[in-house]
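J.: Sharing data-v6.txt here; it has compact mmCIF, C-alpha atoms.
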```txt
# COMPACT_ATOMS: atom_id res chain seq x y z
CA MET A 244 166.54 -132.00 -148.77
CA PRO A 245 168.43 -134.27 -146.38
CA ARG A 246 166.58 -136.01 -143.58
CA LEU A 247 167.28 -137.46 -140.15
CA VAL A 248 164.98 -140.39 -139.39
CA ARG A 249 164.39 -142.77 -136.51
CA ASP A 250 162.92 -145.68 -138.44
CA THR A 251 164.10 -147.96 -141.22
CA ILE A 252 165.40 -146.06 -144.23
CA ASP A 253 163.29 -146.97 -147.26
CA ILE A 254 165.95 -147.07 -149.98
CA GLN A 255 163.51 -147.86 -152.77
CA ALA A 256 161.28 -144.92 -151.85
CA LEU A 257 164.31 -142.63 -151.73
CA ARG A 258 165.38 -143.86 -155.15
CA ARG A 259 161.89 -143.35 -156.56
CA ASP A 260 161.79 -139.81 -155.16
CA ILE A 261 165.05 -138.78 -156.75
CA ALA A 262 165.26 -140.64 -160.09
CA ARG A 263 164.03 -138.95 -163.28
CA PRO A 264 163.59 -140.25 -166.84
CA GLU A 265 166.67 -138.36 -168.03
CA ASP A 266 168.98 -140.14 -165.55
CA GLY A 267 171.30 -142.80 -166.93
CA ALA A 268 172.85 -143.72 -163.57
CA VAL A 269 171.62 -143.96 -160.01
CA VAL A 270 174.30 -144.78 -157.42
CA THR A 271 173.08 -145.84 -154.00
CA PHE A 272 175.41 -146.07 -151.00
CA GLU A 273 174.25 -147.69 -147.78
CA GLY A 274 176.21 -147.56 -144.56
CA VAL A 275 175.34 -150.73 -142.63
CA VAL A 276 175.77 -151.72 -138.97
CA ARG A 277 178.51 -154.38 -138.58
CA ASN A 278 178.49 -157.10 -135.94
CA HIS A 279 182.09 -156.34 -134.93
CA ALA A 280 184.38 -153.35 -134.54
CA ARG A 281 187.94 -152.94 -133.31
CA GLY A 282 188.10 -156.66 -132.56
CA ARG A 283 184.99 -156.69 -130.36
CA LYS A 284 181.57 -158.15 -130.92
CA VAL A 285 179.03 -155.33 -131.20
CA LEU A 286 175.52 -156.09 -129.94
CA TYR A 287 173.91 -152.93 -131.31
CA LEU A 288 174.59 -149.24 -131.92
CA GLU A 289 173.04 -145.94 -131.07
CA TYR A 290 173.40 -142.86 -133.24
CA HIS A 291 172.98 -139.42 -131.66
CA ALA A 292 173.09 -136.06 -133.40
CA TYR A 293 173.18 -132.33 -132.89
CA GLU A 294 170.12 -132.34 -135.08
CA SER A 295 169.80 -128.71 -136.17
CA MET A 296 173.47 -128.52 -137.10
CA ALA A 297 173.50 -131.98 -138.69
CA LEU A 298 170.65 -130.98 -141.00
CA LYS A 299 172.41 -127.74 -141.86
CA LYS A 300 175.69 -129.51 -142.64
CA LEU A 301 173.86 -132.14 -144.71
CA GLU A 302 172.10 -129.41 -146.71
CA GLU A 303 175.45 -127.74 -147.34
CA LEU A 304 176.94 -131.08 -148.35
CA GLU A 305 174.14 -131.84 -150.81
CA SER A 306 174.49 -128.38 -152.30
CA ASP A 307 178.29 -128.72 -152.52
CA VAL A 308 177.98 -132.08 -154.28
CA ARG A 309 175.48 -130.68 -156.81
CA SER A 310 177.87 -127.89 -157.76
CA ARG A 311 181.09 -129.95 -157.72
CA PHE A 312 180.04 -132.96 -159.78
CA ALA A 313 178.24 -133.42 -163.09
CA ILE A 314 175.24 -135.04 -161.45
CA ARG A 315 171.60 -134.01 -161.42
CA ASP A 316 170.61 -134.62 -157.82
CA ILE A 317 171.60 -136.17 -154.49
CA ALA A 318 169.63 -137.18 -151.41
CA ILE A 319 171.10 -138.11 -148.03
CA VAL A 320 169.24 -139.74 -145.14
CA HIS A 321 170.86 -140.55 -141.78
CA ARG A 322 169.15 -142.71 -139.21
CA LEU A 323 169.36 -141.99 -135.46
CA GLY A 324 168.54 -144.01 -132.36
CA ARG A 325 169.13 -147.72 -131.82
CA LEU A 326 170.24 -149.80 -134.80
CA GLU A 327 170.82 -153.55 -135.07
CA HIS A 328 173.23 -155.57 -137.23
CA GLY A 329 172.46 -155.16 -140.90
CA ASP A 330 170.40 -151.99 -140.42
CA CYS A 331 171.14 -149.15 -142.80
CA SER A 332 172.50 -146.16 -140.85
CA VAL A 333 172.97 -143.80 -143.78
CA ALA A 334 171.76 -143.81 -147.37
CA ILE A 335 173.08 -141.63 -150.17
CA VAL A 336 171.40 -141.70 -153.57
CA VAL A 337 173.01 -139.86 -156.48
CA ALA A 338 171.32 -139.56 -159.86
CA GLY A 339 172.68 -138.20 -163.10
CA ALA A 340 173.25 -138.79 -166.77
CA HIS A 341 176.46 -140.82 -166.39
CA ARG A 342 177.91 -143.25 -163.86
CA SER A 343 181.40 -141.84 -163.41
CA PRO A 344 180.51 -138.52 -161.75
CA ALA A 345 177.71 -140.29 -159.85
CA TYR A 346 180.21 -142.74 -158.29
CA GLU A 347 182.63 -139.91 -157.47
CA ALA A 348 179.88 -137.78 -155.94
CA SER A 349 178.70 -140.67 -153.79
CA ARG A 350 182.21 -141.32 -152.46
CA PHE A 351 182.81 -137.63 -151.77
CA ALA A 352 179.47 -137.34 -149.96
CA ILE A 353 180.05 -140.21 -147.51
CA ASP A 354 183.68 -139.23 -146.87
CA THR A 355 182.70 -135.62 -146.16
CA LEU A 356 179.71 -136.62 -144.04
CA LYS A 357 181.98 -138.68 -141.79
CA LYS A 358 184.14 -135.63 -141.11
CA THR A 359 181.69 -132.73 -140.95
CA VAL A 360 178.22 -133.84 -139.84
CA PRO A 361 177.72 -133.80 -136.06
CA VAL A 362 176.51 -137.36 -135.50
CA TRP A 363 178.06 -139.77 -132.99
CA LYS A 364 177.92 -143.52 -132.73
CA LYS A 365 177.86 -145.45 -129.47
CA GLU A 366 178.76 -149.14 -129.61
CA PHE A 367 177.24 -151.56 -127.12
CA TYR A 368 179.17 -154.75 -126.26
CA GLU A 369 178.44 -157.66 -123.94
CA ASP A 370 180.55 -155.99 -121.26
CA GLY A 371 179.98 -152.29 -121.78
CA GLU A 372 179.52 -149.41 -124.17
CA VAL A 373 181.82 -146.88 -125.82
CA TRP A 374 181.31 -143.61 -127.65
CA ILE A 375 183.20 -143.70 -130.92
CA GLU A 376 185.08 -140.50 -131.63
CA GLY A 377 186.35 -139.69 -135.09
CA GLY A 378 185.68 -141.59 -138.28
CA ASP A 379 186.80 -145.17 -138.95
CA ASN A 380 187.22 -144.50 -142.68
CA MET B 140 175.41 -111.69 -121.41
CA SER B 141 173.72 -115.07 -121.60
CA VAL B 142 174.60 -118.03 -123.81
CA ARG B 143 173.08 -121.47 -124.20
CA VAL B 144 175.73 -124.21 -124.07
CA LEU B 145 175.14 -127.66 -125.54
CA PHE B 146 177.20 -130.82 -124.99
CA PHE B 147 177.03 -133.95 -127.07
CA ALA B 148 178.12 -137.60 -126.89
CA SER B 149 180.91 -138.31 -124.38
CA LEU B 150 181.02 -134.66 -123.32
CA ALA B 151 177.34 -134.76 -122.35
CA ASP B 152 178.02 -137.88 -120.25
CA LEU B 153 180.99 -136.22 -118.61
CA VAL B 154 179.11 -133.04 -117.75
CA GLY B 155 175.99 -134.98 -116.78
CA LYS B 156 173.68 -132.80 -118.83
CA LYS B 157 173.10 -131.92 -122.44
CA GLU B 158 172.62 -128.23 -122.01
CA LEU B 159 173.07 -125.36 -119.62
CA ARG B 160 172.75 -121.59 -119.60
CA LEU B 161 175.66 -119.36 -118.71
CA ASP B 162 175.14 -115.82 -117.50
CA ALA B 163 178.47 -114.04 -117.21
CA SER B 164 179.97 -110.81 -118.44
CA ALA B 165 183.39 -112.38 -119.06
CA LEU B 166 182.20 -114.44 -122.03
CA THR B 167 183.91 -113.03 -125.08
CA ASP B 168 184.71 -115.93 -127.37
CA VAL B 169 184.21 -119.68 -127.66
CA ALA B 170 187.34 -120.41 -125.60
CA SER B 171 186.05 -118.26 -122.74
CA VAL B 172 182.79 -120.23 -122.70
CA TYR B 173 184.70 -123.52 -122.50
CA SER B 174 186.94 -122.16 -119.74
CA ARG B 175 183.89 -121.07 -117.77
CA CYS B 176 182.41 -124.57 -118.14
CA GLU B 177 185.70 -126.12 -116.97
CA GLN B 178 185.32 -124.30 -113.66
CA ASP B 179 182.10 -126.20 -112.96
CA PHE B 180 183.11 -129.43 -114.70
CA PRO B 181 186.90 -129.85 -114.26
CA ARG B 182 186.94 -133.10 -116.25
CA LEU B 183 186.35 -131.00 -119.37
CA ARG B 184 190.02 -130.00 -119.08
CA ASP B 185 191.05 -133.48 -120.23
CA HIS B 186 189.25 -132.89 -123.54
CA ARG B 187 190.65 -129.47 -124.40
CA GLY B 188 192.90 -130.87 -127.09
CA SER B 189 190.22 -132.77 -128.98
CA VAL B 190 186.95 -130.92 -128.43
CA MET B 191 185.15 -129.46 -131.44
CA SER B 192 183.07 -126.30 -131.14
CA ALA B 193 180.12 -124.80 -132.93
CA LEU B 194 178.48 -121.41 -132.70
CA ASN B 195 174.84 -121.24 -133.76
CA SER B 196 175.14 -124.55 -135.65
CA GLU B 197 178.33 -123.66 -137.53
CA PHE B 198 181.84 -124.90 -136.74
CA ALA B 199 183.72 -122.34 -134.69
CA GLY B 200 187.26 -121.79 -133.48
CA ASN B 201 188.47 -120.85 -130.01
CA GLY B 202 188.60 -117.19 -130.97
CA THR B 203 185.15 -116.99 -132.55
CA PRO B 204 183.33 -114.14 -130.73
CA VAL B 205 180.13 -114.93 -128.83
CA ARG B 206 177.21 -112.58 -128.34
CA ASP B 207 174.22 -112.45 -126.05
CA GLY B 208 171.71 -115.14 -126.96
CA ASP B 209 174.16 -117.32 -128.90
CA GLU B 210 174.12 -121.11 -128.84
CA VAL B 211 177.56 -122.65 -128.30
CA ALA B 212 178.06 -126.40 -128.67
CA PHE B 213 180.99 -128.61 -127.62
CA PHE B 214 181.45 -132.17 -128.84
CA PRO B 215 184.03 -134.83 -129.61
CA PRO B 216 185.15 -135.58 -133.20
CA VAL B 217 182.14 -136.82 -135.14
CA SER B 218 181.59 -140.51 -135.90
CA GLY B 219 178.45 -140.73 -138.01
CA GLY B 220 177.92 -142.59 -141.25
```
Before we go any further, please render this structure as structure tokens.
T.:
Amino acid sequence: MPRLVRDTIDIQALRRDIARPEDGAVVTFEGVVRNHARGRKVLYLEYHAYESMALKKLEELESDVRSRFAIRDIAIVHRLGRLEHGDCSVAIVVAGAHRSPAYEASRFAIDTLKKTVPVWKKEFYEDGEVWIEGGDN
Amino acid sequence: MSVRVLFFASLADLVGKKELRLDASALTDVASVYSRCEQDFPRLRDHRGSVMSALNSEFAGNGTPVRDGDEVAFFPPVSGG
């Protein structure tokens, strides 16, 4: 089950929850807050979501990934609220027998999330703030 | 006919609220809900070309029919991750 959280994402706990003895590969992707974007210094970010729909789309995405790739399981956590440089905004853990489908599943999951999950990022600069619309990819 | 309308991100700022209720008989599809909102918030017209829509937490098109009690959401292209 995917989750939306407002505190630090505990990657190790997420990994422990998902990994099983039969897994030969666990791929972890972390999206991290940068200190710059589009040539401007970013002080911090806020993430906002249409929470009920975001959870639904994340559930669909997890289910889609499980059926598309030869992996055993996937877990996605997105953080909302104010985030500082270096904070993890999204974590995707994929576990399975072999690394190749696990890498592919991880890449597919973050690329799809950025297009289909209703979450928006607002960047705060020294001289203002801007809603970001559309993915940076 | 009553629908709950939600706005997110820049559209919520533009409208000045995150949600409102519309009671009108002329609401037939998602496009008609947006048009009705444009009457009260003309600046929404500038976003017609880029706005995304959802009906009851699923992506919807302009022609998706709306029914009494539905939740319609309008928002800019997503930027999570």
J.: So which residues touch Phe180 of chain B within 12 Å, counting only C-alpha atoms, skipping near sequence neighbours fewer than 4 positions away, as a ChimeraX atom specification?
T.: /B:146,150-156,159,173-176,184-186
J.: Identify which of the residues B:Ala199, B:Ala170, B:Phe214, B:Gly219 lies closest to Phe147 of chain B, counting only C-alpha atoms when measuring atom-to-atom distances.
T.: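 Looking only at the distances to Phe147 of chain B, the closest residue turns out to be B:Phe214.
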J.: Mind listing as a list of chain:residue names which residues of chain B are within 6 Å of chain A, counting all atoms listed in the file?
T.: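 Residues satisfying the distance criterion: B:Ser196, B:Pro216, B:Val217, B:Ser218, B:Gly219, B:Gly220.
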J.: Kindly give the distance, in Å, that separates atom CA of Tyr287 of chain A and atom CA of Glu302 of chain A, rounded to a single decimal.
T.: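 Answer for the atom CA of Tyr287 of chain A to atom CA of Glu302 of chain A separation: 28.2 Å.
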J.: Between B:Asn201, B:Ser141, B:Ser149, B:Ser189, single out the one closest to Val169 of chain B, counting all atoms listed in the file.
T.: B:Asn201
J.: Within 9 Å of segment 348-352 of chain A, counting only C-alpha atoms, which residues qualify if same-chain residues fewer than 3 places away don't, as a ChimeraX atom specification?
T.: /A:270-272,304-305,308-309,311-314,317,319,335-337,343-345,355-357
J.: Can you measure atom CA of Arg325 of chain A to atom CA of Val248 of chain A for me? One decimal in Å is fine.
T.: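 Interatomic distance, atom CA of Arg325 of chain A to atom CA of Val248 of chain A: 11.3 Å.
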J.: Compare B:Ala165, B:Leu194, B:Asp207, B:Gly202 by their minimum atom-to-atom distance to Leu145 of chain B, counting all atoms listed in the file, and give me the closest one.
T.: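 Looking at the shortest contact to Leu145 of chain B, the residue is B:Leu194.
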J.: Would you compute the box with edges along x, y and z of the file around segment 367-371 of chain A, including every atom the file lists for it and 4 Å extra on each side, and give its centre and edge lengths in Å to one decimal, as lines of an AutoDock Vina configuration file?
T.:
```
center_x = 178.9
center_y = -154.6
center_z = -124.2
size_x = 11.3
size_y = 14.1
size_z = 13.9
```
J.: May I have the protein, DNA and RNA residues with any atom at most 8 Å from the point (179.2, -116.3, -127.5), counting only C-alpha atoms, written as a ChimeraX atom specification?
T.: /B:142,166-169,172,194,203-211
J.: Work out how far apart atom CA of Gly371 of chain A and atom CA of Leu288 of chain A are and give it in Å to one decimal.
T.: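 Separation of atom CA of Gly371 of chain A and atom CA of Leu288 of chain A: 11.9 Å.
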J.: Given the choices A:Glu289, A:His341, A:Arg277, A:Ala318, which gets closest to Leu301 of chain A if the distance is worked out from all atoms listed in the file?
T.: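 Checking each candidate against Leu301 of chain A, we get A:Ala318 as the closest.
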J.: Select, from A:Gly339, A:Ala268, A:Met244, A:Glu327, the residue with the minimum atom-to-atom distance to Ser306 of chain A, counting all atoms listed in the file.
T.: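 Going through A:Gly339, A:Ala268, A:Met244, A:Glu327 one by one, the smallest distance to Ser306 of chain A is for A:Met244.
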J.: Go through B:Val144, B:Ala163, B:Pro215, B:Glu158 one by one, measure the shortest atom-to-atom distance of each to Met191 of chain B using only C-alpha atoms, and give the residue with the smallest value.
T.: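 That would be B:Pro215, the residue with the smallest distance to Met191 of chain B.
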